[in-house]
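Undergrad: File final_1.cif follows (mmCIF, C-alpha atoms):
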```
data_run
loop_
_atom_site.group_PDB
_atom_site.id
_atom_site.type_symbol
_atom_site.label_atom_id
_atom_site.label_comp_id
_atom_site.auth_asym_id
_atom_site.auth_seq_id
_atom_site.Cartn_x
_atom_site.Cartn_y
_atom_site.Cartn_z
ATOM 1 C CA MET X 562 31.466 -10.908 -16.253
ATOM 2 C CA ALA X 563 31.064 -12.048 -12.651
ATOM 3 C CA SER X 564 27.944 -11.072 -10.733
ATOM 4 C CA LYS X 565 28.168 -8.287 -8.191
ATOM 5 C CA TYR X 566 26.147 -10.183 -5.570
ATOM 6 C CA LYS X 567 26.267 -13.701 -4.200
ATOM 7 C CA ALA X 568 23.712 -15.452 -2.030
ATOM 8 C CA PRO X 569 24.083 -18.494 0.226
ATOM 9 C CA ALA X 570 22.495 -21.618 -1.253
ATOM 10 C CA PHE X 571 20.627 -24.246 0.740
ATOM 11 C CA LYS X 572 19.328 -27.693 -0.061
ATOM 12 C CA ALA X 573 15.637 -28.493 0.309
ATOM 13 C CA ASP X 574 16.255 -30.029 3.740
ATOM 14 C CA GLY X 575 17.975 -26.879 5.057
ATOM 15 C CA ALA X 576 21.634 -27.956 4.719
ATOM 16 C CA LYS X 577 24.032 -25.314 3.407
ATOM 17 C CA ASN X 578 25.119 -25.880 -0.196
ATOM 18 C CA GLY X 579 27.724 -23.154 -0.909
ATOM 19 C CA GLU X 580 27.056 -19.836 -2.652
ATOM 20 C CA ARG X 581 25.409 -18.891 -5.912
ATOM 21 C CA GLU X 582 25.837 -15.812 -8.058
ATOM 22 C CA LEU X 583 22.696 -13.743 -8.499
ATOM 23 C CA PRO X 584 21.699 -12.839 -12.091
ATOM 24 C CA ASP X 585 22.863 -9.448 -13.347
ATOM 25 C CA VAL X 586 19.512 -8.781 -15.004
ATOM 26 C CA LEU X 587 17.806 -8.294 -11.628
ATOM 27 C CA PHE X 588 20.741 -7.606 -9.314
ATOM 28 C CA ASP X 589 22.720 -4.831 -11.001
ATOM 29 C CA GLY X 590 23.208 -2.744 -7.857
ATOM 30 C CA THR X 591 21.000 0.226 -8.747
ATOM 31 C CA VAL X 592 18.531 1.373 -6.102
ATOM 32 C CA HIS X 593 16.035 3.919 -7.416
ATOM 33 C CA GLU X 594 14.408 5.289 -4.263
ATOM 34 C CA ALA X 595 12.059 7.621 -6.125
ATOM 35 C CA ALA X 596 10.530 4.734 -8.079
ATOM 36 C CA MET X 597 10.147 2.669 -4.903
ATOM 37 C CA TRP X 598 8.488 5.622 -3.148
ATOM 38 C CA GLN X 599 6.087 6.189 -6.044
ATOM 39 C CA VAL X 600 5.040 2.533 -6.209
ATOM 40 C CA VAL X 601 4.511 2.273 -2.441
ATOM 41 C CA LYS X 602 2.530 5.535 -2.412
ATOM 42 C CA ALA X 603 0.327 4.333 -5.280
ATOM 43 C CA TYR X 604 -0.189 0.959 -3.587
ATOM 44 C CA LEU X 605 -1.320 2.600 -0.341
ATOM 45 C CA ALA X 606 -3.541 5.096 -2.183
ATOM 46 C CA ASN X 607 -5.196 2.274 -4.130
ATOM 47 C CA GLN X 608 -6.053 0.541 -0.852
ATOM 48 C CA ARG X 609 -8.258 3.469 0.224
ATOM 49 C CA GLN X 610 -11.998 2.866 0.064
ATOM 50 C CA ALA X 611 -13.118 6.517 0.250
ATOM 51 C CA THR X 612 -16.267 5.753 2.245
ATOM 52 C CA ALA X 613 -16.152 8.771 4.571
ATOM 53 C CA SER X 614 -19.332 10.797 4.261
ATOM 54 C CA VAL X 615 -21.204 13.609 6.016
ATOM 55 C CA LYS X 616 -24.758 14.848 5.567
ATOM 56 C CA THR X 617 -25.452 18.101 3.753
ATOM 57 C CA ARG X 618 -28.303 20.415 4.772
ATOM 58 C CA SER X 619 -30.668 18.598 2.413
ATOM 59 C CA GLU X 620 -29.920 15.210 4.032
ATOM 60 C CA VAL X 621 -30.233 16.248 7.716
ATOM 61 C CA SER X 622 -33.663 15.533 9.185
ATOM 62 C CA GLY X 623 -35.875 18.393 10.285
ATOM 63 C CA GLY X 624 -35.833 22.090 9.472
ATOM 64 C CA ASN X 625 -38.811 22.136 7.170
ATOM 65 C CA ARG X 626 -40.055 25.642 8.080
ATOM 66 C CA LYS X 627 -38.625 29.060 8.803
ATOM 67 C CA PRO X 628 -37.631 29.387 12.491
ATOM 68 C CA TRP X 629 -39.090 32.938 12.666
ATOM 69 C CA ARG X 630 -40.514 35.459 10.287
ATOM 70 C CA GLN X 631 -38.248 37.382 7.922
ATOM 71 C CA LYS X 632 -38.772 40.924 9.262
ATOM 72 C CA GLY X 633 -39.743 42.635 12.470
ATOM 73 C CA THR X 634 -38.045 40.441 15.100
ATOM 74 C CA GLY X 635 -34.693 42.246 15.203
ATOM 75 C CA ARG X 636 -32.864 38.989 14.622
ATOM 76 C CA ALA X 637 -30.957 37.898 11.545
ATOM 77 C CA ARG X 638 -32.963 36.273 8.776
ATOM 78 C CA GLN X 639 -32.915 32.471 8.840
ATOM 79 C CA GLY X 640 -34.436 29.978 6.445
ATOM 80 C CA SER X 641 -33.959 26.682 8.274
ATOM 81 C CA ILE X 642 -32.624 25.361 11.566
ATOM 82 C CA ARG X 643 -30.613 22.800 9.565
ATOM 83 C CA ALA X 644 -28.465 25.418 7.811
ATOM 84 C CA PRO X 645 -24.695 24.967 8.356
ATOM 85 C CA GLN X 646 -24.371 27.755 10.929
ATOM 86 C CA TRP X 647 -26.879 26.056 13.234
ATOM 87 C CA ARG X 648 -26.008 23.318 15.709
ATOM 88 C CA GLY X 649 -27.206 20.046 14.175
ATOM 89 C CA GLY X 650 -27.151 21.552 10.700
ATOM 90 C CA GLY X 651 -25.653 20.036 7.597
ATOM 91 C CA ALA X 652 -21.955 20.185 6.722
ATOM 92 C CA VAL X 653 -20.823 22.475 3.918
ATOM 93 C CA PHE X 654 -17.685 20.971 2.373
ATOM 94 C CA GLY X 655 -17.391 17.646 4.208
ATOM 95 C CA PRO X 656 -16.083 14.397 2.712
ATOM 96 C CA ARG X 657 -18.226 12.630 0.125
ATOM 97 C CA PRO X 658 -17.937 8.935 -0.833
ATOM 98 C CA ASN X 659 -17.471 9.502 -4.557
ATOM 99 C CA ARG X 660 -13.781 10.494 -4.402
ATOM 100 C CA ASN X 661 -11.300 8.483 -6.402
ATOM 101 C CA PHE X 662 -7.825 8.012 -4.923
ATOM 102 C CA ARG X 663 -6.591 5.615 -7.635
ATOM 103 C CA GLN X 664 -3.051 6.170 -8.873
ATOM 104 C CA ASP X 665 -1.605 4.440 -11.920
ATOM 105 C CA VAL X 666 2.080 3.593 -12.135
ATOM 106 C CA PRO X 667 3.755 2.817 -15.469
ATOM 107 C CA LYS X 668 4.950 -0.768 -15.987
ATOM 108 C CA GLN X 669 8.580 0.281 -16.336
ATOM 109 C CA VAL X 670 8.469 2.208 -13.045
ATOM 110 C CA LYS X 671 6.958 -0.838 -11.314
ATOM 111 C CA TRP X 672 9.703 -3.004 -12.792
ATOM 112 C CA LEU X 673 12.397 -0.536 -11.704
ATOM 113 C CA ALA X 674 10.977 -0.390 -8.158
ATOM 114 C CA ARG X 675 10.835 -4.184 -7.922
ATOM 115 C CA ARG X 676 14.414 -4.489 -9.156
ATOM 116 C CA SER X 677 15.485 -1.790 -6.686
ATOM 117 C CA ALA X 678 13.839 -3.697 -3.832
ATOM 118 C CA TYR X 679 15.722 -6.841 -4.905
ATOM 119 C CA ASN X 680 18.987 -4.881 -4.900
ATOM 120 C CA VAL X 681 18.326 -3.492 -1.408
ATOM 121 C CA ARG X 682 17.799 -7.037 -0.140
ATOM 122 C CA ALA X 683 20.949 -8.209 -1.898
ATOM 123 C CA GLN X 684 22.976 -5.389 -0.310
ATOM 124 C CA ASP X 685 21.640 -6.397 3.111
ATOM 125 C CA GLU X 686 22.551 -10.037 2.383
ATOM 126 C CA SER X 687 18.935 -11.030 2.976
ATOM 127 C CA ILE X 688 18.569 -13.246 -0.096
ATOM 128 C CA PHE X 689 18.863 -17.027 0.047
ATOM 129 C CA VAL X 690 18.849 -19.483 -2.842
ATOM 130 C CA ILE X 691 17.098 -22.780 -2.132
ATOM 131 C CA ASP X 692 17.345 -25.845 -4.371
ATOM 132 C CA PRO X 693 14.037 -26.986 -5.877
ATOM 133 C CA LEU X 694 11.618 -28.021 -3.159
ATOM 134 C CA SER X 695 10.281 -31.553 -3.283
ATOM 135 C CA LEU X 696 7.651 -31.849 -0.567
ATOM 136 C CA GLU X 697 5.755 -35.059 0.126
ATOM 137 C CA ALA X 698 2.738 -33.069 1.302
ATOM 138 C CA PRO X 699 2.010 -29.335 1.452
ATOM 139 C CA LYS X 700 2.769 -28.880 5.151
ATOM 140 C CA THR X 701 3.626 -25.611 6.858
ATOM 141 C CA LYS X 702 5.904 -27.439 9.286
ATOM 142 C CA SER X 703 8.391 -28.395 6.565
ATOM 143 C CA ILE X 704 8.584 -24.822 5.222
ATOM 144 C CA VAL X 705 8.993 -23.389 8.739
ATOM 145 C CA GLY X 706 11.836 -25.839 9.395
ATOM 146 C CA LEU X 707 13.517 -24.812 6.141
ATOM 147 C CA LEU X 708 13.208 -21.098 6.973
ATOM 148 C CA GLU X 709 14.626 -21.650 10.476
ATOM 149 C CA ALA X 710 17.562 -23.561 8.998
ATOM 150 C CA THR X 711 18.341 -20.692 6.606
ATOM 151 C CA GLY X 712 18.130 -18.103 9.381
ATOM 152 C CA ALA X 713 15.406 -16.053 7.677
ATOM 153 C CA GLN X 714 13.600 -13.743 10.099
ATOM 154 C CA GLY X 715 10.531 -11.529 9.924
ATOM 155 C CA ASN X 716 8.485 -11.360 6.752
ATOM 156 C CA VAL X 717 9.754 -13.769 4.109
ATOM 157 C CA LEU X 718 9.024 -13.684 0.385
ATOM 158 C CA LEU X 719 9.385 -16.972 -1.500
ATOM 159 C CA LEU X 720 9.928 -16.588 -5.252
ATOM 160 C CA THR X 721 9.686 -19.584 -7.547
ATOM 161 C CA ASP X 722 10.353 -19.980 -11.244
ATOM 162 C CA GLY X 723 6.788 -21.171 -11.848
#
```
Output the file's structure in the form of structure tokens.
TA:
Amino acid sequence: MASKYKAPAFKADGAKNGERELPDVLFDGTVHEAAMWQVVKAYLANQRQATASVKTRSEVSGGNRKPWRQKGTGRARQGSIRAPQWRGGGAVFGPRPNRNFRQDVPKQVKWLARRSAYNVRAQDESIFVIDPLSLEAPKTKSIVGLLEATGAQGNVLLLTDG
């Protein structure tokens, strides 16, 4: 059975070398947007550090004694000037640094999202096949020249078989 997608092939020096069929195992044409959304959401959530913090009334400095006596002043009873209703008082339900935003994604959902991303790129004709690279030295200049010859723009992902 012939592959659904084809990609232009290039030699290591950037010269065009025809077209190659993409393997059906990865490029079957299915795009599962829900799996891609879930994986991206989990990735972004796992990047969060959760370091936001506010001080409670026990951590704010000051307020060690009663501001006025309990009865006889005509004012409402108060225990400390660092209570939440006072200016400069502690926060009641503010953020604490011990929150955990970690999200786990099953392996099969990750695999489905990755395959869906490959299929989106194949539909956009944004995939190029390059013959095995044989570089004399690991220089950025040679890779940049190769990418310019292929016409790749923006962020580029290089996948190798190793």
Undergrad: Using the chain letters and numbers from the file, give me the residues hit by the PyMOL selection byres ((chain X and resi 665) around 9), as an NGL selection string.
TA: :X and (600 or 603 or 607 or 663-664 or 666-667)
Undergrad: Taking the file as I've supplied it (selection: the PyMOL selection byres ((chain X and resi 622) around 10)), which residues are included? Please answer as a PyMOL selection string.
TA: chain X and resi 616+618-621+623-625+643+649-651
Undergrad: Any chance you could export the current selection's C-alpha atoms as a short mmCIF file (atom, residue, chain, number, x, y, z; two decimals), keeping the file's coordinate frame?
TA:
```cif
data_model
loop_
_atom_site.label_atom_id
_atom_site.label_comp_id
_atom_site.auth_asym_id
_atom_site.auth_seq_id
_atom_site.Cartn_x
_atom_site.Cartn_y
_atom_site.Cartn_z
CA LYS X 616 -24.76 14.85 5.57
CA ARG X 618 -28.30 20.42 4.77
CA SER X 619 -30.67 18.60 2.41
CA GLU X 620 -29.92 15.21 4.03
CA VAL X 621 -30.23 16.25 7.72
CA GLY X 623 -35.88 18.39 10.28
CA GLY X 624 -35.83 22.09 9.47
CA ASN X 625 -38.81 22.14 7.17
CA ARG X 643 -30.61 22.80 9.56
CA GLY X 649 -27.21 20.05 14.18
CA GLY X 650 -27.15 21.55 10.70
CA GLY X 651 -25.65 20.04 7.60
#
```
Undergrad: Give me the residues within 8 Å of range 689-703 of chain X as a compact mmCIF listing (two decimals) with C-alpha atoms, keeping the file's coordinate frame, counting all atoms listed in the file and dropping any in the same chain fewer than 3 places off.
TA:
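selection26.txt written:
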```
# COMPACT_ATOMS: atom_id res chain seq x y z
CA ALA X 568 23.71 -15.45 -2.03
CA PRO X 569 24.08 -18.49 0.23
CA ALA X 570 22.50 -21.62 -1.25
CA PHE X 571 20.63 -24.25 0.74
CA LYS X 572 19.33 -27.69 -0.06
CA ALA X 573 15.64 -28.49 0.31
CA ARG X 581 25.41 -18.89 -5.91
CA GLY X 706 11.84 -25.84 9.40
CA LEU X 707 13.52 -24.81 6.14
CA THR X 711 18.34 -20.69 6.61
```
Undergrad: Do you know which residues are at most 10 Å from Lys565 in chain X counting only C-alpha atoms, after dropping those on the same chain fewer than 6 positions away, and could you put them as a compact mmCIF listing (two decimals) with C-alpha atoms, in the frame of the given file?
TA:
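What follows is the written file part-v4.txt:
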```
# COMPACT_ATOMS: atom_id res chain seq x y z
CA GLU X 582 25.84 -15.81 -8.06
CA LEU X 583 22.70 -13.74 -8.50
CA PRO X 584 21.70 -12.84 -12.09
CA ASP X 585 22.86 -9.45 -13.35
CA PHE X 588 20.74 -7.61 -9.31
CA ASP X 589 22.72 -4.83 -11.00
CA GLY X 590 23.21 -2.74 -7.86
CA ALA X 683 20.95 -8.21 -1.90
CA GLN X 684 22.98 -5.39 -0.31
```
Undergrad: Find the residues with any atom within 12 Å of (8.3, 4.8, -16.3); use only C-alpha atoms and the coordinates as given in the file, and write the answer as a ChimeraX atom specification.
TA: /X:593,595-597,599-600,665-674
Undergrad: Adding 3 Å on each side of the box along x, y and z that holds all listed atoms of range 674-686 of chain X, could you give its centre and edge lengths in Å to one decimal, as lines of an AutoDock Vina configuration file?
TA:
```
center_x = 16.9
center_y = -5.2
center_z = -3.0
size_x = 18.1
size_y = 15.6
size_z = 18.3
```
Undergrad: Point out the residue among X:Ala637, X:Ala611, X:Ala710, X:Leu718 with the least atom-to-atom distance to Ala678 in chain X, counting all atoms listed in the file.
TA: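 Once distances to Ala678 in chain X are computed over all atoms listed in the file, the minimum belongs to X:Leu718.
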Undergrad: Could you list, as a PyMOL selection string, every residue matched by the PyMOL selection byres ((chain X and resi 660) around 10) in this structure?
TA: chain X and resi 610-613+656-659+661-663
Undergrad: Which of these residues is nearest to Ser641 in chain X, using all atoms listed in the file: X:Lys602, X:Arg676, X:Arg626, X:Lys567?
TA: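 Going through X:Lys602, X:Arg676, X:Arg626, X:Lys567 one by one, the smallest distance to Ser641 in chain X is for X:Arg626.
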Undergrad: What is the CA of Gln631 in chain X-CA of Phe654 in chain X distance in Å, reported with one decimal?
TA: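 Here the two named atoms are 26.9 Å from each other.
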Undergrad: Between X:Val601, X:Asn578, X:Val653, X:Thr721, which has the minimum distance to Val615 in chain X (counting all atoms listed in the file)?
TA: X:Val653
Undergrad: Here is a test: counting only C-alpha atoms, which residue of X:Arg636, X:Asp574, X:Ala644, X:Thr591 is nearest to Val681 in chain X?
TA: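 Closest candidate: X:Thr591.
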Undergrad: Go through X:Thr634, X:Arg675, X:Tyr566, X:Glu580 one by one, measure the shortest atom-to-atom distance of each to Trp598 in chain X using all atoms listed in the file, and give the residue with the smallest value.
TA: X:Arg675
Undergrad: Give the answer as one residue: which of X:Gln646, X:Ser687, X:Ser677, X:Thr617 has the shortest atom-to-atom distance to Gly712 in chain X, using all atoms listed in the file?
TA: X:Ser687
Undergrad: Between CA of Ala652 in chain X and CA of Arg630 in chain X, what is the spacing in Å?
TA: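 Separating CA of Arg630 in chain X from CA of Ala652 in chain X is a distance of 24.3 Å.
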Undergrad: May I ask for the distance between CA of Asn716 in chain X and CA of Gly575 in chain X, given in Å to one decimal place?
TA: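 Distance reported for this atom pair: 18.3 Å.
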